[in-house]
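K.L.:
Following this message is one structure expressed as structure tokens.
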2 protein chains.
Amino acid sequence: MTTYPADLIITGCTALVHVEGRADHERIAFRDDAAIVVRDGVVAAVTTAADVTGLPAAERIDARGQAALPGLVNCHTHAPMVMLRGVAEDLPTEEWFNDVVWPVESNLTARDVELGARLACAEMIRGGVTCFADHYFAMDAVAAVVEECGIRAHLGEAFFSSQGPEGRERSLEFALRHRGGAGGRITTTLAPHAPYTVDDADLAATADLAREHGLPVHLHAAENRDQTEASLARYGATPIEVLERTGLLGTDVLIAHGTGITERDLPVLERADGRVAVASAPRGYLKFAWPTTTPVRALRAIGVPVGLATDGAASNNSLDVWESMALTALVQKAAEGDPRWLTARQALHHATLQSARAVGLDGVVGSLAPGHRADIVLVDLTGPHTQPVHDLAATLVHSARSSDVRTTIVDGRVLMRDRELLTLDVPSVVRELGERLPALLDRGHGRRVQRYDT
Amino acid sequence: MTTYPADLIITGCTALVHVEGRADHERIAFRDDAAIVVRDGVVAAVTTAADVTGLPAAERIDARGQAALPGLVNCHTHAPMVMLRGVAEDLPTEEWFNDVVWPVESNLTARDVELGARLACAEMIRGGVTCFADHYFAMDAVAAVVEECGIRAHLGEAFFSSQGPEGRERSLEFALRHRGGAGGRITTTLAPHAPYTVDDADLAATADLAREHGLPVHLHAAENRDQTEASLARYGATPIEVLERTGLLGTDVLIAHGTGITERDLPVLERADGRVAVASAPRGYLKFAWPTTTPVRALRAIGVPVGLATDGAASNNSLDVWESMALTALVQKAAEGDPRWLTARQALHHATLQSARAVGLDGVVGSLAPGHRADIVLVDLTGPHTQPVHDLAATLVHSARSSDVRTTIVDGRVLMRDRELLTLDVPSVVRELGERLPALLDRGHGRRVQRYDT
């Protein structure tokens, strides 16, 4: 233990740590009465109270009765879509998108996106999310909000082939310009929308750009079974096979959803030259009544990490990654017909190391291990719904809620303290959004938009 | 509008009301800028702010930015089991019950049950639950906690045939002694455990007692497909058919779970002479990886109300009925393969009128209509995760969480104000439970218990 001053010391908590030399979820362990020392935005040590007595620190947080976890990572969302939360309910996917969401979305301004991103970041910070992978349009506005509010983000400017080569070029330009932005809190991706809206030549060119510039790729693929069947009918190949033949599986690729991944895709994913990960957002799959969920067990068997996600709030109704963690455990048990599968510890492994890996930040976030960025959430365990604690992993996954997060820290900076947001003004955002929404929804009614069919 | 003093006036909220002359979920409507007048524990009026200006009231609550809903009803739980939250995780149902839960449960003392009930009531009041249907042992202790903390309850002393006729007699004695207790807040039931643990003669005698004393019956039946198949193999009848042939379907019967209800049971339930209802607790069905959930659509088609429930926290990990509401919507869509089924309004209908009906309190609770008991929850809508509000039903079901309940009122009495519990001391309960648990769990290890197999 060094003795030079710390920026922040958190004492008295139970810390979720990852034990070296163990595999997968067996790495998850808890250290009682821990002290976490943060210096220069990094976890300097996870140690004992005795070890930090008298150590000078700019700030101390007494976290007795709380658990300290690595901040949650939302591995796939469209943050600004919070402004469309609840506009299209109880509809099949195609109607939801073509008849309501896209007509409104295609008319958004950068100011709408900025306000939506601000509201989304407020929701995520309140829910213990310290990093989000965003896939949307007018992403300069999102990057500006990330810079302003202190959260971490993995950003990509989405494009369709209908935009011509300019779509892809704009995505590249965005990725290069913002890479390492916000003091290193922003990482970037190329962001083709999906194999059914981006043609093979465009996907292949994207793969080339990814390799040339050392950029990862984030896209939707095999979202559901219908997409896989449509792809087979149209191309004679599954969406995953399309990714392979266009070279995208030779890049670091983050695949959103993948509930349409089939048996024949597994060897394809296993032999991928790049680092492939999948983001799962199970709430929306239930809500849209898709017949399958992300095949987590099969993906884990071939070593593919599965990160937790919410998708956008227009389908998921929230950006609550904590709920995604619980639902992943519940839905995976049901899907596999096996109550022993996807234990609470496995869910915590998805929420920490696998999610960090999914957004290319393994070794950077997702663990409280020394040297990792200090992205930390403190979770109150004293509520009646989290007592008594017989099994802390189960308490965290199945009893605690995102609202139990008291404090959210990114890069060592406190963004929420005792549930109070320190970097965002929600009432002013809600007020301005409220003023803009009637016009936005009305503009959408003109339906001056192109339809995308799977 | 009468002008004599009110006990409580709530102003500025958006009130969930039920419109007369409409059917089912079409009854759900919202009244903006409403004022709710409470007098003598009853809703006297839901009106406008102008209408209550100058009306004297002992207490006023400014509920701007909040929705007022009828309090949630937990239609099937084992409240004291919160003390076993997390003791048996990720196990199949039989192992969960026989190897861990029952060995501990069978050694509980009345003091354990009392502490568990107190913690459970704290959790439920904090989660907006104003009434719970409890099915457990040592229920005098639960009744005492209900009396003390101000919640409403529908209580039954559980019994097995292995206890001999004394089990049934004790259940009757409890029901008669506590009926109308706690100033009318307690209603009671006869509570046979289930058709696989209570024999036909005992069930038939229970049905006779129910009719003789005008008591309802609350029991587990057709909990899952395995139980239905075991019943068919053993008796040549499904659990529902056993209820019919023993006369229980001629009583007001509340059936817990019913995920094993089959096609052949539907005409049986439809021709029931009594009032049959089912309580659904979908989280546990996912967690145990049961192959089916409660067949809500089929039950609604024959007019059977389905109330929302959590089951005990040893399986569900929480008593969060709000989560049960959201999960019911999500899981039913998935089970039916139909995103249009079980809309947010339907979920709210289950949470209000159907749940009230399930516990025999239709016309008494479950609606803010004048003359109903003033069981009211006020839900904060100003959080970033619930904004903007395009569709309040969707906001309540899919975006709001139990932690958004700010204020919980039963019989016109405020039990929680701005998230502070007024009638229960959680830290002292947690402290004493913590002292007792090691011995309780250790006693369980002796396994001096009888196994119950389906």
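Residues in the structure tokens are named by chain (A, B, ... in the order shown) and by number from 1 within that chain; ligands are numbered from 1 in the order shown.
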Leaving out range 35-49 of chain B and any residue of its chain fewer than 3 positions from it, which residues lie within 7 Å of it when counting only C-alpha atoms, given as a PDB file with all heavy atoms, in the first residue's frame?
P.N.:
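Dumped everything to part-v3.pdb:
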```
ATOM      1  N   ALA B   6     -62.794  16.489   5.470  1.00  0.00           N
ATOM      2  CA  ALA B   6     -62.189  15.233   5.031  1.00  0.00           C
ATOM      3  C   ALA B   6     -61.068  14.869   5.989  1.00  0.00           C
ATOM      4  O   ALA B   6     -60.524  15.722   6.700  1.00  0.00           O
ATOM      5  CB  ALA B   6     -61.643  15.397   3.623  1.00  0.00           C
ATOM      6  N   ASP B   7     -60.704  13.599   6.000  1.00  0.00           N
ATOM      7  CA  ASP B   7     -59.533  13.189   6.776  1.00  0.00           C
ATOM      8  C   ASP B   7     -58.259  13.447   5.986  1.00  0.00           C
ATOM      9  O   ASP B   7     -57.227  13.791   6.541  1.00  0.00           O
ATOM     10  CB  ASP B   7     -59.640  11.698   7.121  1.00  0.00           C
ATOM     11  CG  ASP B   7     -60.844  11.420   8.001  1.00  0.00           C
ATOM     12  OD1 ASP B   7     -61.068  12.209   8.944  1.00  0.00           O
ATOM     13  OD2 ASP B   7     -61.566  10.452   7.727  1.00  0.00           O
ATOM     14  N   LEU B   8     -58.361  13.248   4.679  1.00  0.00           N
ATOM     15  CA  LEU B   8     -57.177  13.362   3.819  1.00  0.00           C
ATOM     16  C   LEU B   8     -57.626  13.818   2.438  1.00  0.00           C
ATOM     17  O   LEU B   8     -58.622  13.304   1.909  1.00  0.00           O
ATOM     18  CB  LEU B   8     -56.499  11.983   3.713  1.00  0.00           C
ATOM     19  CG  LEU B   8     -55.363  11.821   2.703  1.00  0.00           C
ATOM     20  CD1 LEU B   8     -54.153  12.673   3.086  1.00  0.00           C
ATOM     21  CD2 LEU B   8     -54.955  10.343   2.614  1.00  0.00           C
ATOM     22  N   ILE B   9     -56.906  14.782   1.900  1.00  0.00           N
ATOM     23  CA  ILE B   9     -57.142  15.184   0.505  1.00  0.00           C
ATOM     24  C   ILE B   9     -55.811  15.145  -0.231  1.00  0.00           C
ATOM     25  O   ILE B   9     -54.819  15.720   0.218  1.00  0.00           O
ATOM     26  CB  ILE B   9     -57.756  16.600   0.417  1.00  0.00           C
ATOM     27  CG1 ILE B   9     -59.147  16.615   1.094  1.00  0.00           C
ATOM     28  CG2 ILE B   9     -57.871  17.031  -1.049  1.00  0.00           C
ATOM     29  CD1 ILE B   9     -59.830  17.973   1.050  1.00  0.00           C
ATOM     30  N   ILE B  10     -55.815  14.405  -1.348  1.00  0.00           N
ATOM     31  CA  ILE B  10     -54.626  14.301  -2.209  1.00  0.00           C
ATOM     32  C   ILE B  10     -54.911  15.141  -3.450  1.00  0.00           C
ATOM     33  O   ILE B  10     -55.941  14.951  -4.100  1.00  0.00           O
ATOM     34  CB  ILE B  10     -54.383  12.835  -2.613  1.00  0.00           C
ATOM     35  CG1 ILE B  10     -54.198  11.964  -1.365  1.00  0.00           C
ATOM     36  CG2 ILE B  10     -53.184  12.723  -3.558  1.00  0.00           C
ATOM     37  CD1 ILE B  10     -54.356  10.473  -1.626  1.00  0.00           C
ATOM     38  N   THR B  11     -54.021  16.060  -3.763  1.00  0.00           N
ATOM     39  CA  THR B  11     -54.287  16.960  -4.896  1.00  0.00           C
ATOM     40  C   THR B  11     -53.187  16.892  -5.955  1.00  0.00           C
ATOM     41  O   THR B  11     -52.038  16.567  -5.662  1.00  0.00           O
ATOM     42  CB  THR B  11     -54.382  18.427  -4.434  1.00  0.00           C
ATOM     43  OG1 THR B  11     -53.187  18.758  -3.717  1.00  0.00           O
ATOM     44  CG2 THR B  11     -55.590  18.647  -3.545  1.00  0.00           C
ATOM     45  N   GLY B  12     -53.590  17.201  -7.177  1.00  0.00           N
ATOM     46  CA  GLY B  12     -52.626  17.415  -8.252  1.00  0.00           C
ATOM     47  C   GLY B  12     -52.142  16.166  -8.953  1.00  0.00           C
ATOM     48  O   GLY B  12     -51.311  16.244  -9.857  1.00  0.00           O
ATOM     49  N   CYS B  13     -52.630  14.998  -8.552  1.00  0.00           N
ATOM     50  CA  CYS B  13     -52.155  13.748  -9.140  1.00  0.00           C
ATOM     51  C   CYS B  13     -52.934  13.404 -10.409  1.00  0.00           C
ATOM     52  O   CYS B  13     -53.980  13.978 -10.687  1.00  0.00           O
ATOM     53  CB  CYS B  13     -52.293  12.612  -8.133  1.00  0.00           C
ATOM     54  SG  CYS B  13     -53.980  12.380  -7.546  1.00  0.00           S
ATOM     55  N   VAL B  52     -62.212  20.976  -4.359  1.00  0.00           N
ATOM     56  CA  VAL B  52     -61.800  20.773  -2.964  1.00  0.00           C
ATOM     57  C   VAL B  52     -61.153  22.024  -2.365  1.00  0.00           C
ATOM     58  O   VAL B  52     -60.705  21.999  -1.219  1.00  0.00           O
ATOM     59  CB  VAL B  52     -60.822  19.574  -2.815  1.00  0.00           C
ATOM     60  CG1 VAL B  52     -61.505  18.294  -3.268  1.00  0.00           C
ATOM     61  CG2 VAL B  52     -59.523  19.806  -3.574  1.00  0.00           C
ATOM     62  N   THR B  53     -61.102  23.091  -3.136  1.00  0.00           N
ATOM     63  CA  THR B  53     -60.525  24.330  -2.611  1.00  0.00           C
ATOM     64  C   THR B  53     -61.331  24.783  -1.396  1.00  0.00           C
ATOM     65  O   THR B  53     -62.552  24.872  -1.461  1.00  0.00           O
ATOM     66  CB  THR B  53     -60.546  25.442  -3.689  1.00  0.00           C
ATOM     67  OG1 THR B  53     -59.972  24.916  -4.879  1.00  0.00           O
ATOM     68  CG2 THR B  53     -59.775  26.666  -3.224  1.00  0.00           C
ATOM     69  N   LEU B 368     -60.303   3.253  -7.160  1.00  0.00           N
ATOM     70  CA  LEU B 368     -60.445   4.507  -6.416  1.00  0.00           C
ATOM     71  C   LEU B 368     -61.890   5.022  -6.498  1.00  0.00           C
ATOM     72  O   LEU B 368     -62.146   6.189  -6.187  1.00  0.00           O
ATOM     73  CB  LEU B 368     -59.463   5.555  -6.950  1.00  0.00           C
ATOM     74  CG  LEU B 368     -57.978   5.160  -6.891  1.00  0.00           C
ATOM     75  CD1 LEU B 368     -57.090   6.295  -7.404  1.00  0.00           C
ATOM     76  CD2 LEU B 368     -57.562   4.784  -5.466  1.00  0.00           C
ATOM     77  N   ALA B 369     -62.804   4.171  -6.864  1.00  0.00           N
ATOM     78  CA  ALA B 369     -64.206   4.595  -6.955  1.00  0.00           C
ATOM     79  C   ALA B 369     -64.757   4.916  -5.564  1.00  0.00           C
ATOM     80  O   ALA B 369     -64.412   4.257  -4.578  1.00  0.00           O
ATOM     81  CB  ALA B 369     -65.039   3.495  -7.604  1.00  0.00           C
ATOM     82  N   PRO B 370     -65.615   5.919  -5.456  1.00  0.00           N
ATOM     83  CA  PRO B 370     -66.196   6.286  -4.162  1.00  0.00           C
ATOM     84  C   PRO B 370     -66.833   5.083  -3.472  1.00  0.00           C
ATOM     85  O   PRO B 370     -67.470   4.256  -4.114  1.00  0.00           O
ATOM     86  CB  PRO B 370     -67.251   7.337  -4.545  1.00  0.00           C
ATOM     87  CG  PRO B 370     -66.717   7.960  -5.796  1.00  0.00           C
ATOM     88  CD  PRO B 370     -66.041   6.833  -6.527  1.00  0.00           C
ATOM     89  N   GLY B 371     -66.612   5.010  -2.179  1.00  0.00           N
ATOM     90  CA  GLY B 371     -67.151   3.905  -1.397  1.00  0.00           C
ATOM     91  C   GLY B 371     -66.151   2.788  -1.180  1.00  0.00           C
ATOM     92  O   GLY B 371     -66.318   1.973  -0.278  1.00  0.00           O
ATOM     93  N   HIS B 372     -65.096   2.742  -2.014  1.00  0.00           N
ATOM     94  CA  HIS B 372     -64.048   1.746  -1.806  1.00  0.00           C
ATOM     95  C   HIS B 372     -63.135   2.196  -0.659  1.00  0.00           C
ATOM     96  O   HIS B 372     -62.957   3.380  -0.404  1.00  0.00           O
ATOM     97  CB  HIS B 372     -63.217   1.567  -3.074  1.00  0.00           C
ATOM     98  CG  HIS B 372     -63.929   0.785  -4.145  1.00  0.00           C
ATOM     99  ND1 HIS B 372     -65.099   1.218  -4.747  1.00  0.00           N
ATOM    100  CD2 HIS B 372     -63.636  -0.413  -4.719  1.00  0.00           C
ATOM    101  CE1 HIS B 372     -65.488   0.321  -5.646  1.00  0.00           C
ATOM    102  NE2 HIS B 372     -64.623  -0.685  -5.648  1.00  0.00           N
ATOM    103  N   ARG B 373     -62.551   1.234   0.032  1.00  0.00           N
ATOM    104  CA  ARG B 373     -61.575   1.549   1.070  1.00  0.00           C
ATOM    105  C   ARG B 373     -60.442   2.359   0.444  1.00  0.00           C
ATOM    106  O   ARG B 373     -60.029   2.097  -0.694  1.00  0.00           O
ATOM    107  CB  ARG B 373     -60.987   0.282   1.716  1.00  0.00           C
ATOM    108  CG  ARG B 373     -61.990  -0.693   2.322  1.00  0.00           C
ATOM    109  CD  ARG B 373     -62.932  -0.111   3.336  1.00  0.00           C
ATOM    110  NE  ARG B 373     -62.261   0.553   4.464  1.00  0.00           N
ATOM    111  CZ  ARG B 373     -62.906   1.197   5.440  1.00  0.00           C
ATOM    112  NH1 ARG B 373     -64.238   1.287   5.430  1.00  0.00           N
ATOM    113  NH2 ARG B 373     -62.238   1.756   6.409  1.00  0.00           N
ATOM    114  N   ALA B 374     -59.923   3.309   1.189  1.00  0.00           N
ATOM    115  CA  ALA B 374     -58.892   4.212   0.661  1.00  0.00           C
ATOM    116  C   ALA B 374     -57.521   3.564   0.742  1.00  0.00           C
ATOM    117  O   ALA B 374     -56.678   3.920   1.563  1.00  0.00           O
ATOM    118  CB  ALA B 374     -58.927   5.528   1.406  1.00  0.00           C
ATOM    119  N   ASP B 411     -56.651   2.099   4.130  1.00  0.00           N
ATOM    120  CA  ASP B 411     -57.803   2.525   4.937  1.00  0.00           C
ATOM    121  C   ASP B 411     -57.688   4.014   5.295  1.00  0.00           C
ATOM    122  O   ASP B 411     -58.089   4.430   6.397  1.00  0.00           O
ATOM    123  CB  ASP B 411     -57.876   1.696   6.227  1.00  0.00           C
ATOM    124  CG  ASP B 411     -58.984   0.650   6.169  1.00  0.00           C
ATOM    125  OD1 ASP B 411     -59.629   0.498   5.109  1.00  0.00           O
ATOM    126  OD2 ASP B 411     -59.210  -0.007   7.198  1.00  0.00           O
ATOM    127  N   GLY B 412     -57.091   4.773   4.405  1.00  0.00           N
ATOM    128  CA  GLY B 412     -56.952   6.213   4.630  1.00  0.00           C
ATOM    129  C   GLY B 412     -55.793   6.606   5.524  1.00  0.00           C
ATOM    130  O   GLY B 412     -55.550   7.791   5.743  1.00  0.00           O
TER     131      GLY B 412
END
```
K.L.:
Got a sec: who's within 7 Å of range 306-310 of chain A, counting only C-alpha atoms, leaving out chain neighbours fewer than 6 positions off, as a PyMOL selection string?
P.N.:
chain A and resi 74-77+277-281+296+316+319-321+324-325+350-351+354-355+358
K.L.:
Give me, as JSON lines, the closest atom pair and its distance (Å, one decimal) for every residue of range 410-434 of chain A within a cut-off of 10 Å of range 126-144 of chain A, counting only C-alpha atoms, rows sorted by chain and rising number.
P.N.:
```
{"residue": "A:Val410", "atom": "CA", "partner": "A:Thr130", "partner_atom": "CA", "distance": 6.1}
{"residue": "A:Asp411", "atom": "CA", "partner": "A:Thr130", "partner_atom": "CA", "distance": 9.2}
{"residue": "A:Leu415", "atom": "CA", "partner": "A:Arg126", "partner_atom": "CA", "distance": 9.0}
{"residue": "A:Met416", "atom": "CA", "partner": "A:Arg126", "partner_atom": "CA", "distance": 6.9}
{"residue": "A:Arg417", "atom": "CA", "partner": "A:Arg126", "partner_atom": "CA", "distance": 9.5}
{"residue": "A:Asp418", "atom": "CA", "partner": "A:Arg126", "partner_atom": "CA", "distance": 9.8}
{"residue": "A:Arg419", "atom": "CA", "partner": "A:Arg126", "partner_atom": "CA", "distance": 6.6}
{"residue": "A:Glu420", "atom": "CA", "partner": "A:Arg126", "partner_atom": "CA", "distance": 8.2}
{"residue": "A:Leu421", "atom": "CA", "partner": "A:Arg126", "partner_atom": "CA", "distance": 7.3}
```
K.L.:
I need the chosen residues saved as a compact mmCIF listing (two decimals), in the first residue's frame, with all heavy atoms.
P.N.:
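What landed in out.txt:
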```
# COMPACT_ATOMS: atom_id res chain seq x y z
N VAL A 410 -17.54 7.48 -12.22
CA VAL A 410 -16.86 7.16 -13.49
C VAL A 410 -15.51 7.85 -13.51
O VAL A 410 -15.43 9.06 -13.24
CB VAL A 410 -17.70 7.59 -14.71
CG1 VAL A 410 -16.93 7.36 -16.01
CG2 VAL A 410 -19.03 6.83 -14.75
N ASP A 411 -14.49 7.10 -13.81
CA ASP A 411 -13.13 7.65 -13.86
C ASP A 411 -12.77 8.34 -12.54
O ASP A 411 -12.05 9.35 -12.52
CB ASP A 411 -13.03 8.67 -15.01
CG ASP A 411 -12.24 8.11 -16.20
OD1 ASP A 411 -11.89 6.91 -16.17
OD2 ASP A 411 -11.99 8.88 -17.14
N LEU A 415 -20.64 10.96 -10.11
CA LEU A 415 -21.67 11.54 -10.99
C LEU A 415 -23.05 11.54 -10.32
O LEU A 415 -23.92 12.32 -10.68
CB LEU A 415 -21.76 10.77 -12.31
CG LEU A 415 -20.46 10.63 -13.10
CD1 LEU A 415 -20.75 9.93 -14.43
CD2 LEU A 415 -19.79 11.97 -13.33
N MET A 416 -23.24 10.63 -9.37
CA MET A 416 -24.46 10.62 -8.55
C MET A 416 -24.05 10.31 -7.12
O MET A 416 -23.32 9.35 -6.89
CB MET A 416 -25.48 9.59 -9.03
CG MET A 416 -26.73 9.53 -8.13
SD MET A 416 -28.01 8.38 -8.70
CE MET A 416 -27.27 6.79 -8.25
N ARG A 417 -24.52 11.13 -6.19
CA ARG A 417 -24.23 10.89 -4.78
C ARG A 417 -25.55 10.80 -4.03
O ARG A 417 -26.37 11.71 -4.10
CB ARG A 417 -23.38 12.02 -4.20
CG ARG A 417 -23.01 11.79 -2.72
CD ARG A 417 -22.25 12.96 -2.13
NE ARG A 417 -20.86 13.00 -2.56
CZ ARG A 417 -20.31 13.99 -3.27
NH1 ARG A 417 -21.03 15.04 -3.63
NH2 ARG A 417 -19.03 13.93 -3.61
N ASP A 418 -25.74 9.69 -3.32
CA ASP A 418 -26.99 9.48 -2.58
C ASP A 418 -28.21 9.77 -3.44
O ASP A 418 -29.15 10.44 -3.00
CB ASP A 418 -27.01 10.31 -1.30
CG ASP A 418 -26.18 9.64 -0.21
OD1 ASP A 418 -26.05 8.40 -0.25
OD2 ASP A 418 -25.67 10.35 0.66
N ARG A 419 -28.18 9.28 -4.66
CA ARG A 419 -29.28 9.35 -5.65
C ARG A 419 -29.43 10.73 -6.27
O ARG A 419 -30.31 10.93 -7.11
CB ARG A 419 -30.65 8.90 -5.09
CG ARG A 419 -30.63 7.58 -4.47
CD ARG A 419 -31.28 6.38 -5.14
NE ARG A 419 -32.14 6.44 -6.27
CZ ARG A 419 -31.80 5.94 -7.49
NH1 ARG A 419 -30.61 5.39 -7.70
NH2 ARG A 419 -32.65 5.97 -8.47
N GLU A 420 -28.57 11.66 -5.91
CA GLU A 420 -28.66 12.98 -6.52
C GLU A 420 -27.68 13.09 -7.69
O GLU A 420 -26.46 12.91 -7.52
CB GLU A 420 -28.34 14.06 -5.47
CG GLU A 420 -28.61 15.47 -5.98
CD GLU A 420 -27.90 16.53 -5.12
OE1 GLU A 420 -27.40 16.19 -4.02
OE2 GLU A 420 -27.85 17.68 -5.57
N LEU A 421 -28.20 13.42 -8.87
CA LEU A 421 -27.36 13.59 -10.04
C LEU A 421 -26.58 14.89 -9.93
O LEU A 421 -27.16 15.95 -9.67
CB LEU A 421 -28.22 13.61 -11.31
CG LEU A 421 -28.89 12.29 -11.68
CD1 LEU A 421 -29.90 12.52 -12.80
CD2 LEU A 421 -27.87 11.24 -12.09
```
K.L.:
What is the CA of Arg185 in chain A to CA of Gly150 in chain A distance in Å?
P.N.:
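Atom-to-atom, CA of Arg185 in chain A and CA of Gly150 in chain A are spaced 8.1 Å apart.
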K.L.:
Return the single residue from A:Arg118, A:His398, A:Arg345, A:Arg152 that is closest to Thr386 in chain A, with distances computed using only C-alpha atoms.
P.N.:
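Under the stated criterion, the closest residue is A:His398.
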K.L.:
Between B:Gly164, B:Pro339, B:Pro438, B:Pro195, which residue has the minimum interatomic distance to chain A, considering only C-alpha atoms?
P.N.:
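Of B:Gly164, B:Pro339, B:Pro438, B:Pro195, the one nearest chain A, counting only C-alpha atoms, is B:Pro339.
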K.L.:
Check range 128-360 of chain A with DSSP on the backbone and list each residue it calls helix (DSSP H, G or I), as a VMD selection string.
P.N.:
chain A and resid 139 to 149 161 to 163 165 to 178 182 to 184 200 to 213 225 to 235 239 to 245 248 to 250 265 to 270 282 to 287 296 to 301 313 to 316 321 to 336 344 to 358
K.L.:
Would you please work out which residue, of B:Leu55, B:Leu215, B:Ala122, B:Leu378, is nearest to chain A when using only C-alpha atoms?
P.N.:
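Looking only at the distances to chain A, the closest residue turns out to be B:Ala122.
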K.L.:
Which residues in range 164-359 of chain A does DSSP call strand (DSSP E)? List them as a PyMOL selection string.
P.N.:
chain A and resi 186-192+217-221+253-257+276-280+306-308
K.L.:
What's the 9 Å shell around Leu348 in chain A, counting only C-alpha atoms, without same-chain residues fewer than 3 positions away, as a PyMOL selection string?
P.N.:
chain A and resi 25+28+325+343-345+351-353+393+396-397
K.L.:
Hey, can you spit out that residue selection with all heavy atoms as a compact mmCIF listing (two decimals), in the first residue's frame?
P.N.:
```txt
# COMPACT_ATOMS: atom_id res chain seq x y z
N HIS A 25 -17.36 -17.38 -14.28
CA HIS A 25 -18.09 -16.87 -13.12
C HIS A 25 -17.48 -17.30 -11.79
O HIS A 25 -17.80 -16.74 -10.75
CB HIS A 25 -19.56 -17.28 -13.19
CG HIS A 25 -19.74 -18.77 -13.20
ND1 HIS A 25 -19.63 -19.52 -14.35
CD2 HIS A 25 -19.99 -19.63 -12.20
CE1 HIS A 25 -19.83 -20.80 -14.05
NE2 HIS A 25 -20.04 -20.89 -12.76
N ILE A 28 -15.93 -14.56 -9.68
CA ILE A 28 -16.68 -13.58 -8.88
C ILE A 28 -16.53 -13.90 -7.38
O ILE A 28 -16.84 -15.01 -6.95
CB ILE A 28 -18.18 -13.62 -9.23
CG1 ILE A 28 -18.40 -13.37 -10.73
CG2 ILE A 28 -18.99 -12.65 -8.36
CD1 ILE A 28 -18.31 -11.95 -11.19
N MET A 325 -29.92 -7.69 -16.36
CA MET A 325 -29.14 -8.72 -15.66
C MET A 325 -30.08 -9.78 -15.06
O MET A 325 -29.88 -10.99 -15.25
CB MET A 325 -28.28 -8.06 -14.58
CG MET A 325 -27.54 -9.03 -13.69
SD MET A 325 -26.26 -8.21 -12.68
CE MET A 325 -27.24 -7.22 -11.56
N THR A 343 -26.65 -18.97 -13.24
CA THR A 343 -26.72 -18.65 -11.82
C THR A 343 -26.49 -17.14 -11.62
O THR A 343 -26.09 -16.43 -12.54
CB THR A 343 -25.60 -19.38 -11.07
OG1 THR A 343 -24.34 -18.89 -11.57
CG2 THR A 343 -25.68 -20.89 -11.28
N ALA A 344 -26.73 -16.71 -10.41
CA ALA A 344 -26.51 -15.29 -10.10
C ALA A 344 -25.06 -14.90 -10.35
O ALA A 344 -24.76 -13.81 -10.84
CB ALA A 344 -26.90 -15.02 -8.65
N ARG A 345 -24.13 -15.79 -10.04
CA ARG A 345 -22.71 -15.48 -10.30
C ARG A 345 -22.44 -15.39 -11.80
O ARG A 345 -21.66 -14.54 -12.25
CB ARG A 345 -21.79 -16.53 -9.66
CG ARG A 345 -21.34 -16.15 -8.28
CD ARG A 345 -20.80 -17.32 -7.50
NE ARG A 345 -21.09 -17.06 -6.10
CZ ARG A 345 -20.26 -16.42 -5.27
NH1 ARG A 345 -19.08 -16.02 -5.68
NH2 ARG A 345 -20.62 -16.19 -4.04
N ALA A 351 -22.42 -9.26 -16.41
CA ALA A 351 -22.58 -7.82 -16.14
C ALA A 351 -21.24 -7.11 -15.98
O ALA A 351 -21.18 -5.88 -16.12
CB ALA A 351 -23.41 -7.63 -14.88
N THR A 352 -20.19 -7.84 -15.71
CA THR A 352 -18.90 -7.20 -15.43
C THR A 352 -17.89 -7.51 -16.55
O THR A 352 -17.82 -6.77 -17.52
CB THR A 352 -18.36 -7.62 -14.04
OG1 THR A 352 -18.26 -9.06 -13.96
CG2 THR A 352 -19.30 -7.14 -12.94
N LEU A 353 -17.17 -8.62 -16.44
CA LEU A 353 -16.09 -8.89 -17.40
C LEU A 353 -16.58 -9.10 -18.82
O LEU A 353 -15.98 -8.61 -19.78
CB LEU A 353 -15.27 -10.10 -16.93
CG LEU A 353 -14.50 -9.92 -15.62
CD1 LEU A 353 -13.67 -11.18 -15.33
CD2 LEU A 353 -13.59 -8.70 -15.68
N ALA A 393 -24.57 -12.78 -4.14
CA ALA A 393 -24.76 -12.77 -5.60
C ALA A 393 -26.25 -12.80 -5.92
O ALA A 393 -26.73 -12.05 -6.77
CB ALA A 393 -24.04 -13.96 -6.23
N LEU A 396 -27.93 -9.47 -5.11
CA LEU A 396 -27.66 -8.44 -6.11
C LEU A 396 -28.46 -8.66 -7.39
O LEU A 396 -29.05 -7.73 -7.92
CB LEU A 396 -26.15 -8.40 -6.43
CG LEU A 396 -25.28 -7.85 -5.30
CD1 LEU A 396 -23.81 -8.08 -5.61
CD2 LEU A 396 -25.55 -6.35 -5.08
N VAL A 397 -28.50 -9.89 -7.87
CA VAL A 397 -29.15 -10.15 -9.16
C VAL A 397 -30.66 -10.21 -9.03
O VAL A 397 -31.38 -9.65 -9.86
CB VAL A 397 -28.61 -11.46 -9.77
CG1 VAL A 397 -29.38 -11.84 -11.04
CG2 VAL A 397 -27.13 -11.33 -10.06
```
K.L.:
Quick one: distance from CA of Glu212 in chain A to CA of Thr187 in chain A in Å, one decimal?
P.N.:
16.6 Å
